[in-house]
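> This is run23.cif (mmCIF, C-alpha atoms).
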```cif
data_run
loop_
_atom_site.group_PDB
_atom_site.id
_atom_site.type_symbol
_atom_site.label_atom_id
_atom_site.label_comp_id
_atom_site.auth_asym_id
_atom_site.auth_seq_id
_atom_site.Cartn_x
_atom_site.Cartn_y
_atom_site.Cartn_z
ATOM 1 C CA MET A 1 12.097 20.327 -12.574
ATOM 2 C CA GLU A 2 12.104 17.647 -15.278
ATOM 3 C CA GLN A 3 10.079 14.433 -15.068
ATOM 4 C CA HIS A 4 11.518 11.097 -16.240
ATOM 5 C CA THR A 5 9.424 7.926 -16.546
ATOM 6 C CA VAL A 6 10.347 4.251 -16.659
ATOM 7 C CA GLN A 7 8.326 1.054 -16.560
ATOM 8 C CA THR A 8 8.852 -1.197 -13.553
ATOM 9 C CA PRO A 9 8.499 -4.982 -13.219
ATOM 10 C CA TYR A 10 6.023 -4.414 -10.369
ATOM 11 C CA MET A 11 2.249 -4.141 -10.224
ATOM 12 C CA VAL A 12 2.509 -0.360 -9.778
ATOM 13 C CA GLY A 13 3.542 0.009 -13.428
ATOM 14 C CA ALA A 14 5.464 3.098 -14.525
ATOM 15 C CA VAL A 15 7.276 5.262 -11.996
ATOM 16 C CA HIS A 16 8.627 8.807 -12.212
ATOM 17 C CA PHE A 17 11.876 10.285 -11.003
ATOM 18 C CA TYR A 18 12.910 13.922 -11.363
ATOM 19 C CA SER A 19 15.966 16.066 -12.001
ATOM 20 C CA ALA A 20 16.580 19.736 -11.345
ATOM 21 C CA GLU A 21 19.422 22.153 -11.958
ATOM 22 C CA LEU A 22 20.250 23.853 -8.670
ATOM 23 C CA ALA A 23 22.620 26.801 -8.318
ATOM 24 C CA SER A 24 25.153 24.398 -6.814
ATOM 25 C CA GLY A 25 24.710 21.562 -9.312
ATOM 26 C CA LEU A 26 22.463 18.842 -10.702
ATOM 27 C CA ALA A 27 20.045 17.107 -8.312
ATOM 28 C CA LEU A 28 18.052 13.911 -8.734
ATOM 29 C CA PHE A 29 14.887 12.999 -6.841
ATOM 30 C CA ASP A 30 14.377 9.211 -6.662
ATOM 31 C CA THR A 31 15.989 6.763 -9.089
ATOM 32 C CA GLY A 32 13.538 4.317 -10.613
ATOM 33 C CA PRO A 33 13.694 0.515 -10.196
ATOM 34 C CA PRO A 34 16.777 -1.767 -10.089
ATOM 35 C CA SER A 35 16.293 -3.238 -13.559
ATOM 36 C CA PRO A 36 18.137 -3.025 -16.899
ATOM 37 C CA GLU A 37 15.351 -0.730 -18.148
ATOM 38 C CA GLY A 38 15.750 1.419 -15.055
ATOM 39 C CA GLU A 39 19.503 1.730 -15.519
ATOM 40 C CA ALA A 40 19.146 2.582 -19.206
ATOM 41 C CA CYS A 41 16.502 5.216 -18.500
ATOM 42 C CA LEU A 42 18.554 6.787 -15.723
ATOM 43 C CA ARG A 43 21.657 6.981 -17.929
ATOM 44 C CA ALA A 44 19.665 8.476 -20.795
ATOM 45 C CA SER A 45 17.853 10.989 -18.588
ATOM 46 C CA VAL A 46 20.579 12.250 -16.266
ATOM 47 C CA ASP A 47 24.224 13.203 -16.814
ATOM 48 C CA LEU A 48 25.616 11.128 -13.965
ATOM 49 C CA SER A 49 29.061 12.675 -14.374
ATOM 50 C CA ARG A 50 27.554 16.002 -13.287
ATOM 51 C CA LEU A 51 25.184 14.678 -10.629
ATOM 52 C CA LYS A 52 25.848 16.181 -7.194
ATOM 53 C CA TYR A 53 22.820 15.218 -5.110
ATOM 54 C CA LEU A 54 20.284 12.396 -4.881
ATOM 55 C CA PHE A 55 17.232 12.859 -2.674
ATOM 56 C CA ILE A 56 14.971 9.873 -1.951
ATOM 57 C CA THR A 57 11.282 10.402 -1.142
ATOM 58 C CA HIS A 58 10.936 6.963 0.469
ATOM 59 C CA CYS A 59 12.865 3.723 0.237
ATOM 60 C CA HIS A 60 10.439 1.538 -1.669
ATOM 61 C CA VAL A 61 12.203 -0.436 -4.362
ATOM 62 C CA ASP A 62 10.679 1.389 -7.335
ATOM 63 C CA HIS A 63 11.841 4.737 -5.954
ATOM 64 C CA TYR A 64 15.306 4.070 -4.549
ATOM 65 C CA GLY A 65 16.322 0.777 -6.170
ATOM 66 C CA LEU A 66 19.139 2.309 -8.240
ATOM 67 C CA THR A 67 20.787 4.192 -5.392
ATOM 68 C CA ASN A 68 23.896 2.014 -5.433
ATOM 69 C CA PHE A 69 23.987 2.308 -9.235
ATOM 70 C CA VAL A 70 24.088 6.086 -8.779
ATOM 71 C CA LEU A 71 26.846 5.753 -6.191
ATOM 72 C CA GLU A 72 28.891 3.577 -8.551
ATOM 73 C CA ASN A 73 28.498 5.928 -11.495
ATOM 74 C CA SER A 74 28.638 9.373 -9.932
ATOM 75 C CA SER A 75 30.052 11.329 -7.016
ATOM 76 C CA ALA A 76 26.605 12.367 -5.798
ATOM 77 C CA GLU A 77 25.724 12.751 -2.134
ATOM 78 C CA ILE A 78 22.761 10.550 -1.166
ATOM 79 C CA PHE A 79 20.063 11.805 1.208
ATOM 80 C CA ILE A 80 17.393 9.573 2.784
ATOM 81 C CA SER A 81 15.000 10.000 5.692
ATOM 82 C CA ARG A 82 15.907 9.019 9.243
ATOM 83 C CA LYS A 83 13.170 6.379 9.290
ATOM 84 C CA ASP A 84 14.553 4.754 6.149
ATOM 85 C CA ALA A 85 18.009 4.702 7.727
ATOM 86 C CA ILE A 86 16.504 2.821 10.668
ATOM 87 C CA LYS A 87 14.931 0.337 8.244
ATOM 88 C CA PHE A 88 18.351 -0.344 6.758
ATOM 89 C CA GLU A 89 20.231 -0.512 10.039
ATOM 90 C CA ARG A 90 17.712 -2.803 11.746
ATOM 91 C CA HIS A 91 16.413 -4.682 8.708
ATOM 92 C CA ALA A 92 16.471 -8.218 10.140
ATOM 93 C CA GLU A 93 14.845 -7.098 13.382
ATOM 94 C CA ARG A 94 12.176 -5.199 11.464
ATOM 95 C CA ILE A 95 11.285 -8.245 9.350
ATOM 96 C CA GLU A 96 10.974 -10.374 12.472
ATOM 97 C CA CYS A 97 8.704 -7.770 14.053
ATOM 98 C CA ILE A 98 6.471 -7.644 10.966
ATOM 99 C CA SER A 99 6.314 -11.445 11.095
ATOM 100 C CA ALA A 100 5.241 -11.251 14.739
ATOM 101 C CA LEU A 101 2.502 -8.755 13.863
ATOM 102 C CA LEU A 102 1.166 -11.107 11.195
ATOM 103 C CA ASN A 103 1.306 -14.045 13.610
ATOM 104 C CA GLN A 104 -0.653 -12.036 16.179
ATOM 105 C CA ASN A 105 -3.325 -11.536 13.523
ATOM 106 C CA GLY A 106 -3.839 -15.221 12.816
ATOM 107 C CA PHE A 107 -1.230 -15.983 10.133
ATOM 108 C CA ASN A 108 0.830 -19.099 10.814
ATOM 109 C CA LYS A 109 4.547 -19.784 10.404
ATOM 110 C CA GLU A 110 4.020 -21.461 7.034
ATOM 111 C CA PHE A 111 2.382 -18.354 5.587
ATOM 112 C CA ILE A 112 5.081 -16.101 7.056
ATOM 113 C CA SER A 113 7.825 -18.321 5.640
ATOM 114 C CA LYS A 114 6.243 -18.137 2.187
ATOM 115 C CA LEU A 115 6.003 -14.361 2.506
ATOM 116 C CA HIS A 116 9.726 -14.165 3.300
ATOM 117 C CA ASP A 117 10.425 -16.264 0.209
ATOM 118 C CA THR A 118 8.328 -13.858 -1.856
ATOM 119 C CA PHE A 119 10.296 -10.895 -0.494
ATOM 120 C CA LYS A 120 13.517 -12.547 -1.648
ATOM 121 C CA GLN A 121 12.167 -13.791 -4.983
ATOM 122 C CA HIS A 122 10.881 -10.382 -6.034
ATOM 123 C CA LYS A 123 13.764 -8.482 -4.399
ATOM 124 C CA ILE A 124 11.352 -6.332 -2.431
ATOM 125 C CA PHE A 125 14.270 -5.102 -0.339
ATOM 126 C CA PRO A 126 17.223 -4.327 -2.659
ATOM 127 C CA ALA A 127 20.755 -3.691 -1.445
ATOM 128 C CA ILE A 128 21.325 -1.106 1.250
ATOM 129 C CA PRO A 129 23.057 2.025 -0.109
ATOM 130 C CA GLU A 130 26.766 1.870 0.597
ATOM 131 C CA HIS A 131 26.694 5.306 2.172
ATOM 132 C CA TYR A 132 24.108 8.009 2.688
ATOM 133 C CA ARG A 133 23.238 11.084 4.726
ATOM 134 C CA ILE A 134 20.128 11.756 6.801
ATOM 135 C CA VAL A 135 17.832 14.522 5.569
ATOM 136 C CA GLU A 136 16.693 15.476 9.070
ATOM 137 C CA GLU A 137 20.325 15.830 10.177
ATOM 138 C CA SER A 138 21.445 17.929 7.189
ATOM 139 C CA PRO A 139 20.462 21.601 7.682
ATOM 140 C CA GLU A 140 22.660 22.566 4.726
ATOM 141 C CA ILE A 141 19.950 21.219 2.396
ATOM 142 C CA ALA A 142 18.069 24.508 2.805
ATOM 143 C CA ALA A 143 21.083 26.380 1.393
ATOM 144 C CA LEU A 144 20.656 24.382 -1.824
ATOM 145 C CA GLY A 145 17.204 25.899 -2.300
ATOM 146 C CA ILE A 146 15.414 22.749 -1.152
ATOM 147 C CA ASN A 147 12.881 22.522 1.642
ATOM 148 C CA TRP A 148 11.336 19.269 2.815
ATOM 149 C CA THR A 149 8.497 18.108 4.997
ATOM 150 C CA SER A 150 7.726 14.718 6.523
ATOM 151 C CA CYS A 151 4.321 13.393 5.397
ATOM 152 C CA PRO A 152 4.002 9.783 6.586
ATOM 153 C CA GLY A 153 0.952 7.782 5.598
ATOM 154 C CA HIS A 154 1.953 5.786 2.553
ATOM 155 C CA SER A 155 4.976 4.723 4.603
ATOM 156 C CA GLN A 156 6.546 5.906 7.833
ATOM 157 C CA SER A 157 9.327 7.614 5.943
ATOM 158 C CA ASP A 158 7.556 9.679 3.253
ATOM 159 C CA LEU A 159 9.284 12.984 2.531
ATOM 160 C CA VAL A 160 8.061 15.741 0.231
ATOM 161 C CA TYR A 161 10.764 17.922 -1.340
ATOM 162 C CA LEU A 162 10.006 21.520 -2.305
ATOM 163 C CA VAL A 163 12.118 23.079 -5.054
ATOM 164 C CA GLY A 164 10.901 26.427 -6.339
ATOM 165 C CA ASP A 165 7.240 25.973 -7.194
ATOM 166 C CA ALA A 166 7.549 22.169 -7.492
ATOM 167 C CA ALA A 167 6.717 19.584 -4.829
ATOM 168 C CA VAL A 168 8.164 16.097 -5.344
ATOM 169 C CA THR A 169 5.677 13.983 -3.417
ATOM 170 C CA GLY A 170 6.660 10.341 -3.987
ATOM 171 C CA ASP A 171 3.582 8.194 -3.354
ATOM 172 C CA ILE A 172 1.786 10.293 -0.744
ATOM 173 C CA LEU A 173 -0.146 12.179 -3.478
ATOM 174 C CA LEU A 174 -1.228 10.252 -6.562
ATOM 175 C CA ARG A 175 -3.937 10.715 -9.188
ATOM 176 C CA ASN A 176 -6.661 8.050 -9.059
ATOM 177 C CA ILE A 177 -4.476 5.559 -7.192
ATOM 178 C CA PHE A 178 -5.150 4.259 -3.696
ATOM 179 C CA GLN A 179 -1.784 3.214 -2.266
ATOM 180 C CA ALA A 180 -2.635 1.485 1.010
ATOM 181 C CA PRO A 181 0.090 1.877 3.648
ATOM 182 C CA LEU A 182 2.003 -1.288 4.515
ATOM 183 C CA LEU A 183 1.767 -3.049 7.853
ATOM 184 C CA ASP A 184 4.995 -2.234 9.688
ATOM 185 C CA ILE A 185 6.514 -2.073 13.142
ATOM 186 C CA ASP A 186 6.741 1.368 14.744
ATOM 187 C CA LEU A 187 10.316 2.346 13.923
ATOM 188 C CA GLU A 188 10.583 4.756 16.849
ATOM 189 C CA SER A 189 9.999 2.124 19.521
ATOM 190 C CA PHE A 190 9.975 -1.273 17.748
ATOM 191 C CA VAL A 191 6.957 -1.983 19.956
ATOM 192 C CA GLY A 192 3.587 -2.377 18.260
ATOM 193 C CA ARG A 193 2.661 -1.494 14.703
ATOM 194 C CA PHE A 194 2.996 1.911 13.111
ATOM 195 C CA ARG A 195 -0.374 3.654 13.023
ATOM 196 C CA ASN A 196 -0.608 4.670 9.360
ATOM 197 C CA TYR A 197 -4.139 6.025 9.682
ATOM 198 C CA GLU A 198 -3.247 8.516 12.392
ATOM 199 C CA ALA A 199 -0.130 9.523 10.457
ATOM 200 C CA TYR A 200 -2.112 10.088 7.250
ATOM 201 C CA CYS A 201 -4.677 12.262 9.039
ATOM 202 C CA ALA A 202 -1.872 14.434 10.421
ATOM 203 C CA SER A 203 -0.132 14.590 7.043
ATOM 204 C CA LEU A 204 -3.292 15.875 5.353
ATOM 205 C CA LEU A 205 -2.765 19.195 7.148
ATOM 206 C CA LYS A 206 0.739 19.466 5.665
ATOM 207 C CA LEU A 207 -0.341 18.341 2.202
ATOM 208 C CA ALA A 208 -2.989 21.067 2.091
ATOM 209 C CA GLN A 209 -0.165 23.617 2.242
ATOM 210 C CA LEU A 210 1.011 22.394 -1.198
ATOM 211 C CA ARG A 211 -2.025 23.705 -3.070
ATOM 212 C CA ASP A 212 -0.003 26.432 -4.801
ATOM 213 C CA PHE A 213 2.801 24.043 -5.831
ATOM 214 C CA ARG A 214 3.184 21.957 -8.986
ATOM 215 C CA ILE A 215 2.767 18.411 -7.699
ATOM 216 C CA MET A 216 5.366 15.984 -9.058
ATOM 217 C CA PRO A 217 3.950 12.531 -8.190
ATOM 218 C CA GLY A 218 5.656 9.144 -8.115
ATOM 219 C CA HIS A 219 3.094 7.591 -10.488
ATOM 220 C CA ARG A 220 0.639 8.857 -13.123
ATOM 221 C CA ASN A 221 1.836 11.790 -15.173
ATOM 222 C CA CYS A 222 0.497 14.748 -13.266
ATOM 223 C CA ILE A 223 -1.839 15.997 -10.573
ATOM 224 C CA GLU A 224 -3.866 18.989 -11.703
ATOM 225 C CA SER A 225 -5.634 19.396 -8.366
ATOM 226 C CA LEU A 226 -4.302 18.464 -4.959
ATOM 227 C CA ASP A 227 -7.838 18.498 -3.584
ATOM 228 C CA GLU A 228 -9.003 16.014 -6.224
ATOM 229 C CA ALA A 229 -6.134 13.668 -5.360
ATOM 230 C CA VAL A 230 -6.954 13.803 -1.648
ATOM 231 C CA LEU A 231 -10.686 13.362 -2.257
ATOM 232 C CA PHE A 232 -10.138 10.330 -4.487
ATOM 233 C CA TYR A 233 -8.014 8.724 -1.781
ATOM 234 C CA VAL A 234 -10.492 9.507 0.996
ATOM 235 C CA LYS A 235 -13.540 8.357 -1.011
ATOM 236 C CA THR A 236 -11.765 5.101 -1.823
ATOM 237 C CA LEU A 237 -10.907 4.663 1.850
ATOM 238 C CA LEU A 238 -14.574 5.155 2.771
ATOM 239 C CA GLU A 239 -15.823 2.761 0.068
ATOM 240 C CA ARG A 240 -13.437 0.023 1.174
ATOM 241 C CA ALA A 241 -14.107 0.644 4.848
ATOM 242 C CA ALA A 242 -17.794 -0.002 4.109
ATOM 243 C CA GLN A 243 -16.831 -3.407 2.679
ATOM 244 C CA VAL A 244 -14.787 -4.227 5.794
ATOM 245 C CA LEU A 245 -17.388 -2.963 8.253
ATOM 246 C CA PRO A 246 -19.556 -6.146 8.473
ATOM 247 C CA TRP A 247 -16.492 -8.247 9.358
ATOM 248 C CA ARG A 248 -14.726 -5.843 11.721
ATOM 249 C CA ARG A 249 -15.152 -8.113 14.769
ATOM 250 C CA PHE A 250 -13.526 -11.126 13.105
ATOM 251 C CA PRO A 251 -9.836 -12.075 13.333
ATOM 252 C CA MET A 252 -7.770 -10.582 10.519
ATOM 253 C CA ASN A 253 -7.104 -13.867 8.715
ATOM 254 C CA GLU A 254 -10.855 -14.565 8.683
ATOM 255 C CA ILE A 255 -11.620 -11.058 7.368
ATOM 256 C CA ILE A 256 -9.276 -11.664 4.438
ATOM 257 C CA GLU A 257 -10.884 -15.057 3.812
ATOM 258 C CA ARG A 258 -14.404 -13.615 3.848
ATOM 259 C CA LEU A 259 -13.591 -10.559 1.735
ATOM 260 C CA PHE A 260 -11.800 -12.513 -0.991
ATOM 261 C CA LEU A 261 -13.566 -15.889 -0.656
ATOM 262 C CA GLY A 262 -10.287 -17.774 -0.577
ATOM 263 C CA ARG A 263 -9.200 -16.462 -3.991
ATOM 264 C CA LEU A 264 -6.270 -14.504 -2.593
ATOM 265 C CA THR A 265 -3.368 -16.947 -2.327
ATOM 266 C CA ASP A 266 -0.169 -15.051 -3.156
ATOM 267 C CA PRO A 267 1.465 -14.267 0.226
ATOM 268 C CA PHE A 268 2.591 -10.786 -0.813
ATOM 269 C CA LEU A 269 -0.882 -9.836 -2.059
ATOM 270 C CA VAL A 270 -2.336 -11.129 1.210
ATOM 271 C CA TYR A 271 0.164 -8.950 3.099
ATOM 272 C CA LEU A 272 -0.887 -5.921 1.036
ATOM 273 C CA LYS A 273 -4.569 -6.558 1.765
ATOM 274 C CA VAL A 274 -3.949 -7.157 5.474
ATOM 275 C CA SER A 275 -2.205 -3.776 5.556
ATOM 276 C CA GLU A 276 -5.146 -2.154 3.799
ATOM 277 C CA VAL A 277 -7.765 -3.742 6.041
ATOM 278 C CA MET A 278 -5.908 -2.624 9.171
ATOM 279 C CA PHE A 279 -5.941 0.914 7.785
ATOM 280 C CA MET A 280 -9.722 0.655 7.301
ATOM 281 C CA LEU A 281 -10.258 -0.795 10.772
ATOM 282 C CA ASP A 282 -8.319 2.061 12.343
ATOM 283 C CA PHE A 283 -10.602 4.493 10.528
ATOM 284 C CA ILE A 284 -13.717 2.614 11.642
ATOM 285 C CA GLU A 285 -12.458 2.735 15.231
ATOM 286 C CA ASN A 286 -11.827 6.493 15.161
ATOM 287 C CA PRO A 287 -13.531 8.216 12.192
ATOM 288 C CA SER A 288 -13.559 11.592 13.933
ATOM 289 C CA LEU A 289 -9.808 11.889 13.391
ATOM 290 C CA LEU A 290 -10.158 11.928 9.596
ATOM 291 C CA LYS A 291 -13.227 14.154 9.811
ATOM 292 C CA ALA A 292 -11.320 16.740 11.855
ATOM 293 C CA SER A 293 -8.443 16.832 9.358
ATOM 294 C CA LEU A 294 -10.778 17.154 6.378
ATOM 295 C CA GLU A 295 -12.736 19.924 8.096
ATOM 296 C CA GLN A 296 -9.534 21.792 8.845
ATOM 297 C CA ILE A 297 -8.473 21.743 5.177
ATOM 298 C CA GLY A 298 -11.969 22.530 3.912
ATOM 299 C CA LEU A 299 -12.778 19.223 2.218
ATOM 300 C CA PHE A 300 -15.168 17.433 4.563
ATOM 301 C CA ASP A 301 -18.347 18.688 2.873
ATOM 302 C CA GLU A 302 -17.221 16.960 -0.325
ATOM 303 C CA VAL A 303 -17.327 13.533 1.358
ATOM 304 C CA SER A 304 -19.864 14.035 4.139
ATOM 305 C CA GLU A 305 -22.469 11.668 2.638
ATOM 306 C CA PHE A 306 -19.881 8.912 2.041
ATOM 307 C CA PHE A 307 -18.514 9.500 5.514
ATOM 308 C CA SER A 308 -21.866 9.260 7.296
ATOM 309 C CA ALA A 309 -22.690 5.973 5.592
ATOM 310 C CA VAL A 310 -19.663 4.325 7.205
ATOM 311 C CA ALA A 311 -18.905 6.294 10.356
ATOM 312 C CA CYS A 312 -22.446 6.183 11.748
ATOM 313 C CA CYS A 313 -22.706 2.394 11.697
#
```
For the structure just supplied, provide its representation as structure tokens.


Amino acid sequence: MEQHTVQTPYMVGAVHFYSAELASGLALFDTGPPSPEGEACLRASVDLSRLKYLFITHCHVDHYGLTNFVLENSSAEIFISRKDAIKFERHAERIECISALLNQNGFNKEFISKLHDTFKQHKIFPAIPEHYRIVEESPEIAALGINWTSCPGHSQSDLVYLVGDAAVTGDILLRNIFQAPLLDIDLESFVGRFRNYEAYCASLLKLAQLRDFRIMPGHRNCIESLDEAVLFYVKTLLERAAQVLPWRRFPMNEIIERLFLGRLTDPFLVYLKVSEVMFMLDFIENPSLLKASLEQIGLFDEVSEFFSAVACC
């Protein structure tokens, strides 16, 4: 498994994508961003004329933005998760549902309109791939020597790919980065928001099974210890939940106002922080869920003091 790195025009900075020689041909895991730098890096890193497979960990723009570029310059088969396919197929409906969730939490039509403009301006949602296959509906993937597991939490659609002793984890495991899940509609029902906190707690049990793998993250060069990555994320969650705790009874728009004292004005940054605060509030409402997962994977003692300071209030 070979790591390739390219800078992005987004606040996340550099992103990694990976290539691997399988018995049946060359495979690529994620693509990098849809930018001239991204295209140049992809061409320099991967022999597109030989590429047979492209596997996407999750369809955030920095990870799948060059999918159509790959389609135009290779004969590779494209594989994405079922949840990402739903996002593509019902994109307009999904955006309207996210808008409704924001409106229910105190954000008016003017704010939502500005957020939509920001989505378009920054091309948050690049072009839908012209054709693709669904990982969950493709049992032949196992014959390629690739296993996968669904680990939602960063998004609904996070997949981890296992190739030999390597685990390509996208953004679900990162070193010293807290990637708050985004507020989204539940893609199974399109009723109510997706519960990222519950999903992350369940995914922790799957992530713990990767301890003997080489973790190939979406950002930062490497992860030497899976446990350290999980503990950083959980400690950050607890620290930020403590900041939210005094305001937990207030409407969401007021929580954002009080936490950031009116300094947060960019609609997209507000959306990111709303998503993060909802994640914290879900923890505050049901801390025992995270505790149970951490106990099961043997990490609760490492955060017990942090946990008690928030969960006992």

> Can you turn the PyMOL selection byres ((chain A and resi 194-203) around 8) into a concrete residue list for this file, as a PDB file with C-alpha atoms, in the frame of the given file?


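Saved file result39.pdb follows:
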```
ATOM      1  CA  SER A 150       7.726  14.718   6.523  1.00  0.00           C
ATOM      2  CA  CYS A 151       4.321  13.393   5.397  1.00  0.00           C
ATOM      3  CA  PRO A 152       4.002   9.783   6.586  1.00  0.00           C
ATOM      4  CA  GLY A 153       0.952   7.782   5.598  1.00  0.00           C
ATOM      5  CA  HIS A 154       1.953   5.786   2.553  1.00  0.00           C
ATOM      6  CA  SER A 155       4.976   4.723   4.603  1.00  0.00           C
ATOM      7  CA  GLN A 156       6.546   5.906   7.833  1.00  0.00           C
ATOM      8  CA  PRO A 181       0.090   1.877   3.648  1.00  0.00           C
ATOM      9  CA  LEU A 183       1.767  -3.049   7.853  1.00  0.00           C
ATOM     10  CA  ASP A 184       4.995  -2.234   9.688  1.00  0.00           C
ATOM     11  CA  ILE A 185       6.514  -2.073  13.142  1.00  0.00           C
ATOM     12  CA  ASP A 186       6.741   1.368  14.744  1.00  0.00           C
ATOM     13  CA  LEU A 187      10.316   2.346  13.923  1.00  0.00           C
ATOM     14  CA  GLY A 192       3.587  -2.377  18.260  1.00  0.00           C
ATOM     15  CA  ARG A 193       2.661  -1.494  14.703  1.00  0.00           C
ATOM     16  CA  LEU A 204      -3.292  15.875   5.353  1.00  0.00           C
ATOM     17  CA  LEU A 205      -2.765  19.195   7.148  1.00  0.00           C
ATOM     18  CA  LYS A 206       0.739  19.466   5.665  1.00  0.00           C
ATOM     19  CA  LEU A 207      -0.341  18.341   2.202  1.00  0.00           C
ATOM     20  CA  PHE A 279      -5.941   0.914   7.785  1.00  0.00           C
ATOM     21  CA  ASP A 282      -8.319   2.061  12.343  1.00  0.00           C
ATOM     22  CA  PHE A 283     -10.602   4.493  10.528  1.00  0.00           C
ATOM     23  CA  LEU A 289      -9.808  11.889  13.391  1.00  0.00           C
ATOM     24  CA  LEU A 290     -10.158  11.928   9.596  1.00  0.00           C
ATOM     25  CA  SER A 293      -8.443  16.832   9.358  1.00  0.00           C
TER      26      SER A 293
END
```

> Considering all atoms listed in the file, give me a table of residues in stretch 61-179 of chain A that are at most 6 Å from stretch 45-53 of chain A, with the closest atom pair and distance in Å for each, as a Markdown table.


```
| residue | atom | partner | partner_atom | distance |
| --- | --- | --- | --- | --- |
| A:Ser74 | CA | A:Leu48 | CA | 5.3 |
| A:Ala76 | CA | A:Lys52 | CA | 4.1 |
| A:Glu77 | CA | A:Tyr53 | CA | 4.8 |
```

> How would the residues just picked look written out with C-alpha atoms as a compact mmCIF listing (two decimals), keeping the file's coordinate frame?


```
# COMPACT_ATOMS: atom_id res chain seq x y z
CA SER A 74 28.64 9.37 -9.93
CA ALA A 76 26.60 12.37 -5.80
CA GLU A 77 25.72 12.75 -2.13
```

> So what does the PyMOL selection byres ((chain A and resi 37) around 8) actually pick up in this one, as a count of residues only?

9

> Record the distance separating atom CA of A:His219 and atom CA of A:Val15, expressed in Å with one decimal.

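Interatomic distance, atom CA of A:His219 to atom CA of A:Val15: 5.0 Å.
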
> Measuring between all atoms listed in the file, which one of A:Trp148, A:Tyr64, A:Phe307, A:Tyr18 shows the shortest distance to A:Pro34?

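Comparing A:Trp148, A:Tyr64, A:Phe307, A:Tyr18 against A:Pro34, the winner is A:Tyr64.
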
> Smallest atom-to-atom distance to A:Glu93: which of A:Phe190, A:Ile284, A:Asp158, A:Pro126, using only C-alpha atoms?

A:Phe190

> Could you tell me which residues the PyMOL selection byres ((chain A and resi 99) around 12) grabs in this file, written as an NGL selection string?

:A and (92-98 or 100-116 or 183-185 or 192-193 or 271)

> Excluding A:Thr5 and its own-chain neighbours fewer than 3 positions away, which residues fall within 7 Å of it when counting only C-alpha atoms? Please give them as a ChimeraX atom specification.

/A:14-17

> Can you tell me which residues surround stretch 222-238 of chain A at a distance of at most 10 Å, considering all atoms listed in the file, apart from same-chain residues fewer than 2 positions away, and format the answer as an mmCIF file with C-alpha atoms, in the coordinates of the input?


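Ended up saving to part06.cif:
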```
data_model
loop_
_atom_site.group_PDB
_atom_site.id
_atom_site.type_symbol
_atom_site.label_atom_id
_atom_site.label_comp_id
_atom_site.auth_asym_id
_atom_site.auth_seq_id
_atom_site.Cartn_x
_atom_site.Cartn_y
_atom_site.Cartn_z
ATOM 1 C CA GLN A 3 10.079 14.433 -15.068
ATOM 2 C CA ILE A 172 1.786 10.293 -0.744
ATOM 3 C CA LEU A 173 -0.146 12.179 -3.478
ATOM 4 C CA LEU A 174 -1.228 10.252 -6.562
ATOM 5 C CA ARG A 175 -3.937 10.715 -9.188
ATOM 6 C CA ASN A 176 -6.661 8.050 -9.059
ATOM 7 C CA ILE A 177 -4.476 5.559 -7.192
ATOM 8 C CA PHE A 178 -5.150 4.259 -3.696
ATOM 9 C CA GLN A 179 -1.784 3.214 -2.266
ATOM 10 C CA ALA A 180 -2.635 1.485 1.010
ATOM 11 C CA LEU A 204 -3.292 15.875 5.353
ATOM 12 C CA LEU A 207 -0.341 18.341 2.202
ATOM 13 C CA ALA A 208 -2.989 21.067 2.091
ATOM 14 C CA GLN A 209 -0.165 23.617 2.242
ATOM 15 C CA LEU A 210 1.011 22.394 -1.198
ATOM 16 C CA ARG A 211 -2.025 23.705 -3.070
ATOM 17 C CA ASP A 212 -0.003 26.432 -4.801
ATOM 18 C CA PHE A 213 2.801 24.043 -5.831
ATOM 19 C CA ARG A 214 3.184 21.957 -8.986
ATOM 20 C CA ILE A 215 2.767 18.411 -7.699
ATOM 21 C CA MET A 216 5.366 15.984 -9.058
ATOM 22 C CA PRO A 217 3.950 12.531 -8.190
ATOM 23 C CA GLY A 218 5.656 9.144 -8.115
ATOM 24 C CA HIS A 219 3.094 7.591 -10.488
ATOM 25 C CA ARG A 220 0.639 8.857 -13.123
ATOM 26 C CA ARG A 240 -13.437 0.023 1.174
ATOM 27 C CA ALA A 241 -14.107 0.644 4.848
ATOM 28 C CA ALA A 242 -17.794 -0.002 4.109
ATOM 29 C CA GLN A 243 -16.831 -3.407 2.679
ATOM 30 C CA VAL A 244 -14.787 -4.227 5.794
ATOM 31 C CA GLU A 276 -5.146 -2.154 3.799
ATOM 32 C CA VAL A 277 -7.765 -3.742 6.041
ATOM 33 C CA PHE A 279 -5.941 0.914 7.785
ATOM 34 C CA MET A 280 -9.722 0.655 7.301
ATOM 35 C CA PHE A 283 -10.602 4.493 10.528
ATOM 36 C CA ILE A 284 -13.717 2.614 11.642
ATOM 37 C CA PRO A 287 -13.531 8.216 12.192
ATOM 38 C CA LEU A 290 -10.158 11.928 9.596
ATOM 39 C CA LEU A 294 -10.778 17.154 6.378
ATOM 40 C CA ILE A 297 -8.473 21.743 5.177
ATOM 41 C CA GLY A 298 -11.969 22.530 3.912
ATOM 42 C CA LEU A 299 -12.778 19.223 2.218
ATOM 43 C CA PHE A 300 -15.168 17.433 4.563
ATOM 44 C CA GLU A 302 -17.221 16.960 -0.325
ATOM 45 C CA VAL A 303 -17.327 13.533 1.358
ATOM 46 C CA SER A 304 -19.864 14.035 4.139
ATOM 47 C CA PHE A 306 -19.881 8.912 2.041
ATOM 48 C CA PHE A 307 -18.514 9.500 5.514
ATOM 49 C CA SER A 308 -21.866 9.260 7.296
ATOM 50 C CA ALA A 309 -22.690 5.973 5.592
ATOM 51 C CA VAL A 310 -19.663 4.325 7.205
ATOM 52 C CA ALA A 311 -18.905 6.294 10.356
#
```

> What gap, in Å, lies between atom CA of A:Met252 and atom CA of A:Pro9?

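If I compute the distance from atom CA of A:Met252 to atom CA of A:Pro9, I get 29.3 Å.
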